[in-house]
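Right, one structure below, let's go through it.
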Amino acid sequence: MALLIGALLLGFAAARLRLLPEAWRGKVPALGNLTLFALLFSLGLSLGSNQEIIAALPALGLRAVVLSVGTVLGSVLLVWLASGLGGRRP
Amino acid sequence: MTWKILGSLVAGVCGGLLLNLPGGEALSLVTDLALAALLFAVGFSLGEDPELWKKVRSLPPISLAVPFLIALGSILGATVTGLLCRMAPGEAALVGSGFGWYSLSAVLIAQSYDVALGTLALLTNIFREILAILFIPTVAKYFGKAAAVAPGGATAMDVTLPIVAAHTDGRTAILAFYSGTVLSILVPIVVPFLIQLLQR
């Protein structure tokens, strides 16, 4: 968690204090996208190589899908209702 | 964008199935570095916005409650859909309280409650992350920017943060990071608490 917060603050400071050479500034979003793809690829690799997960899918997969849909719907609905109460956003 | 992200994940899963890598320290180092680079990029794009503080201050006060609403909604949602699967409500609630942090919630549940339920928590929270990647753009469009923070749960501070940022605005990205951080702190508190309740 400290690594993540540190990286976020460093990125913020680098932009505010103009620490990066002018030519690099425009390339940061592309770096972000590339690392996101790399991250999801490596997440996929570790999931695909995990025998425990693959073996559990047939028995527990459907139930896990239903529960995950429940968590997403429940959390989205509560925040949506609350943001209606707290003044709708533009 | 969504399809490229999903494509990366699917390619990784296929690669993992074929190669069957020994679960690796190296992979987790790569993951940590990639996460750091990702957060650097998000921080950088926030820093580029000269009006950011003004926009953050314009967030309604209810924004502070967002992670707690997400926590409550996740637990209630899992409990209700758990009933559809004929699960004990308490156990479904426990699975939902991983808030998307699959590794931690699965280990906590497997170690101090039940191994099978730990595995279900692992899968459920992995699927939550995948659903978040797929549906954050849709949620942002139809349920508002604040609601786009919800699907990712605890991952709103890392993996799903750039997706929220891309489909909302700077102040919602800050809200997502705040919410993901609070939820990450809540997982190791709420999961053991629910386990205690279940073991009474």
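Letters for chains follow the order of the structure tokens (A, B, ...), residue numbers begin at 1 for each chain, and ligand numbers begin at 1 in the order shown.
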Inset, instruction - Identify, on the basis of only C-alpha atoms, every residue whose closest approach to Leu62 (chain A) does not exceed 12 Å; exclude the query and any residue fewer than 5 positions from it along the same chain; express the result as a list of chain:residue names. - result: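 Result of the neighbour search: A:Ala56, A:Leu57, A:Leu67, A:Ser68, A:Val69, B:Thr81, B:Gly82, B:Leu84, B:Cys85, B:Leu120, B:Leu123, B:Thr124, B:Phe127.
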Residues of the last selection are to be written out with C-alpha atoms, as a compact mmCIF listing (two decimals), in the first residue's frame.
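Result file result34.txt:
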# COMPACT_ATOMS: atom_id res chain seq x y z
CA ALA A 56 -12.52 -25.21 -8.47
CA LEU A 57 -14.18 -23.56 -11.49
CA LEU A 67 -22.24 -13.64 -5.94
CA SER A 68 -19.90 -11.27 -7.79
CA VAL A 69 -22.84 -9.85 -9.76
CA THR B 81 -27.84 -13.35 -4.44
CA GLY B 82 -26.47 -15.99 -2.05
CA LEU B 84 -30.66 -17.60 -4.85
CA CYS B 85 -27.84 -20.17 -4.62
CA LEU B 120 -15.38 -19.43 -3.41
CA LEU B 123 -13.27 -16.85 -7.43
CA THR B 124 -16.06 -14.40 -6.52
CA PHE B 127 -14.92 -12.24 -11.06
Legend entry - Shell of 9 Å around region 8-15 of chain A, only C-alpha atoms, local chain residues under 5 positions omitted, as a VMD selection string: (chain A and resid 3 20 25) or (chain B and resid 36 to 49)
Selected residues, C-alpha atoms, written as a PDB file, in the first residue's frame, please.
ATOM      1  CA  LEU A   3       4.414   1.631  -2.592  1.00  0.00           C
ATOM      2  CA  LEU A  20      10.005  15.210 -16.643  1.00  0.00           C
ATOM      3  CA  ARG A  25       5.162  14.409 -20.718  1.00  0.00           C
TER       4      ARG A  25
ATOM      5  CA  ALA B  36       3.680   1.341  -9.140  1.00  0.00           C
ATOM      6  CA  ALA B  37       4.082   2.523 -12.759  1.00  0.00           C
ATOM      7  CA  LEU B  38       0.299   2.538 -13.140  1.00  0.00           C
ATOM      8  CA  LEU B  39      -0.190   4.672 -10.033  1.00  0.00           C
ATOM      9  CA  PHE B  40       2.618   6.988 -11.176  1.00  0.00           C
ATOM     10  CA  ALA B  41       0.775   7.533 -14.476  1.00  0.00           C
ATOM     11  CA  VAL B  42      -2.532   8.242 -12.708  1.00  0.00           C
ATOM     12  CA  GLY B  43      -0.809  10.615 -10.263  1.00  0.00           C
ATOM     13  CA  PHE B  44       0.875  12.356 -13.169  1.00  0.00           C
ATOM     14  CA  SER B  45      -2.361  12.946 -15.056  1.00  0.00           C
ATOM     15  CA  LEU B  46      -3.969  14.296 -11.863  1.00  0.00           C
ATOM     16  CA  GLY B  47      -0.980  16.600 -11.332  1.00  0.00           C
ATOM     17  CA  GLU B  48      -1.341  17.973 -14.856  1.00  0.00           C
ATOM     18  CA  ASP B  49      -4.750  19.433 -13.954  1.00  0.00           C
TER      19      ASP B  49
END
Inset, instruction - Could you give me, as a ChimeraX atom specification, the residues within 12 Å of Ala65 (chain B), counting only C-alpha atoms and dropping anything in the same chain fewer than 2 positions from it? - result: /A:78-79,82-83,86 /B:59-63,67-72,146,150,175,178-179,182-183
Legend entry - chain A residues near chain B (6 Å cut-off, only C-alpha atoms) as an NGL selection string: :A and (4 or 7-8 or 11-12 or 15-16 or 28 or 32 or 35 or 37 or 39-41 or 44-45 or 48-49 or 64 or 67-68 or 70-72 or 74-76 or 78-80)
Would you mind exporting C-alpha atoms of the selected residues as a PDB file, in the first residue's frame?
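result36.pdb, freshly written:
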ATOM      1  CA  LEU A   4       1.131   2.525  -4.323  1.00  0.00           C
ATOM      2  CA  ALA A   7       4.015   6.089  -6.686  1.00  0.00           C
ATOM      3  CA  LEU A   8       0.814   8.146  -6.947  1.00  0.00           C
ATOM      4  CA  GLY A  11       3.595  10.993 -10.306  1.00  0.00           C
ATOM      5  CA  PHE A  12       1.607  13.935  -8.973  1.00  0.00           C
ATOM      6  CA  ALA A  15       3.622  16.691 -13.071  1.00  0.00           C
ATOM      7  CA  ARG A  16       3.324  19.676 -10.707  1.00  0.00           C
ATOM      8  CA  VAL A  28       2.891   9.099 -19.551  1.00  0.00           C
ATOM      9  CA  GLY A  32      -0.155   3.880 -17.918  1.00  0.00           C
ATOM     10  CA  THR A  35       1.380  -1.186 -17.648  1.00  0.00           C
ATOM     11  CA  PHE A  37      -2.202  -4.373 -20.097  1.00  0.00           C
ATOM     12  CA  LEU A  39      -0.680  -6.101 -15.213  1.00  0.00           C
ATOM     13  CA  LEU A  40      -3.802  -7.829 -16.484  1.00  0.00           C
ATOM     14  CA  PHE A  41      -1.685 -10.191 -18.572  1.00  0.00           C
ATOM     15  CA  GLY A  44      -4.115 -13.842 -16.173  1.00  0.00           C
ATOM     16  CA  LEU A  45      -0.863 -15.809 -16.161  1.00  0.00           C
ATOM     17  CA  GLY A  48      -4.224 -19.697 -15.523  1.00  0.00           C
ATOM     18  CA  SER A  49      -1.263 -21.378 -13.821  1.00  0.00           C
ATOM     19  CA  ALA A  64     -19.013 -17.195  -7.776  1.00  0.00           C
ATOM     20  CA  LEU A  67     -22.244 -13.636  -5.944  1.00  0.00           C
ATOM     21  CA  SER A  68     -19.905 -11.267  -7.793  1.00  0.00           C
ATOM     22  CA  GLY A  70     -24.586  -9.361  -6.393  1.00  0.00           C
ATOM     23  CA  THR A  71     -21.657  -7.420  -4.902  1.00  0.00           C
ATOM     24  CA  VAL A  72     -21.385  -5.184  -7.979  1.00  0.00           C
ATOM     25  CA  GLY A  74     -25.521  -3.904  -4.454  1.00  0.00           C
ATOM     26  CA  SER A  75     -22.619  -1.455  -4.234  1.00  0.00           C
ATOM     27  CA  VAL A  76     -23.530   0.421  -7.434  1.00  0.00           C
ATOM     28  CA  LEU A  78     -26.311   2.153  -2.859  1.00  0.00           C
ATOM     29  CA  VAL A  79     -23.842   4.728  -4.225  1.00  0.00           C
ATOM     30  CA  TRP A  80     -26.293   5.682  -6.983  1.00  0.00           C
TER      31      TRP A  80
END
Determine, counting only C-alpha atoms, which protein, DNA and RNA residues have an atom within 8 Å of an atom of Lys55 (chain B); residues of the same chain fewer than 3 positions away are not included. Present the result as a PDB file with N, CA and C atoms, in the first residue's frame.
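File written: out-v9.pdb
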ATOM      1  N   GLU B  51      -6.591  22.755 -11.911  1.00  0.00           N
ATOM      2  CA  GLU B  51      -7.806  23.077 -11.146  1.00  0.00           C
ATOM      3  C   GLU B  51      -8.217  21.954 -10.199  1.00  0.00           C
ATOM      4  N   LEU B  52      -7.318  20.931 -10.044  1.00  0.00           N
ATOM      5  CA  LEU B  52      -7.734  19.711  -9.344  1.00  0.00           C
ATOM      6  C   LEU B  52      -8.296  19.971  -7.951  1.00  0.00           C
ATOM      7  N   SER B  58     -15.164  20.536  -4.623  1.00  0.00           N
ATOM      8  CA  SER B  58     -16.554  20.628  -5.069  1.00  0.00           C
ATOM      9  C   SER B  58     -17.299  19.292  -4.935  1.00  0.00           C
ATOM     10  N   LEU B  59     -16.593  18.231  -4.517  1.00  0.00           N
ATOM     11  CA  LEU B  59     -17.285  16.961  -4.290  1.00  0.00           C
ATOM     12  C   LEU B  59     -18.276  17.132  -3.142  1.00  0.00           C
ATOM     13  N   GLY B 170     -11.150  13.938 -13.007  1.00  0.00           N
ATOM     14  CA  GLY B 170     -10.078  13.958 -12.009  1.00  0.00           C
ATOM     15  C   GLY B 170     -10.578  13.813 -10.588  1.00  0.00           C
ATOM     16  N   ARG B 171     -11.681  14.510 -10.262  1.00  0.00           N
ATOM     17  CA  ARG B 171     -12.132  14.453  -8.873  1.00  0.00           C
ATOM     18  C   ARG B 171     -12.713  13.070  -8.542  1.00  0.00           C
TER      19      ARG B 171
END
Legend entry - Residue list (helix (DSSP H, G or I), DSSP) for chain A, as a PyMOL selection string: chain A and resi 2-16+22-25+28-48+51-85
Legend entry - Nearest to Ile136 (chain B), chosen from B:Leu194, B:Ile174, B:Leu94, B:Ala165, with only C-alpha atoms counted in the distances: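 Going through B:Leu194, B:Ile174, B:Leu94, B:Ala165 one by one, the smallest distance to Ile136 (chain B) is for B:Ala165.
Computed from the coordinates, the CA of Leu198 (chain B) to CA of Glu91 (chain B) distance equals 7.8 Å.
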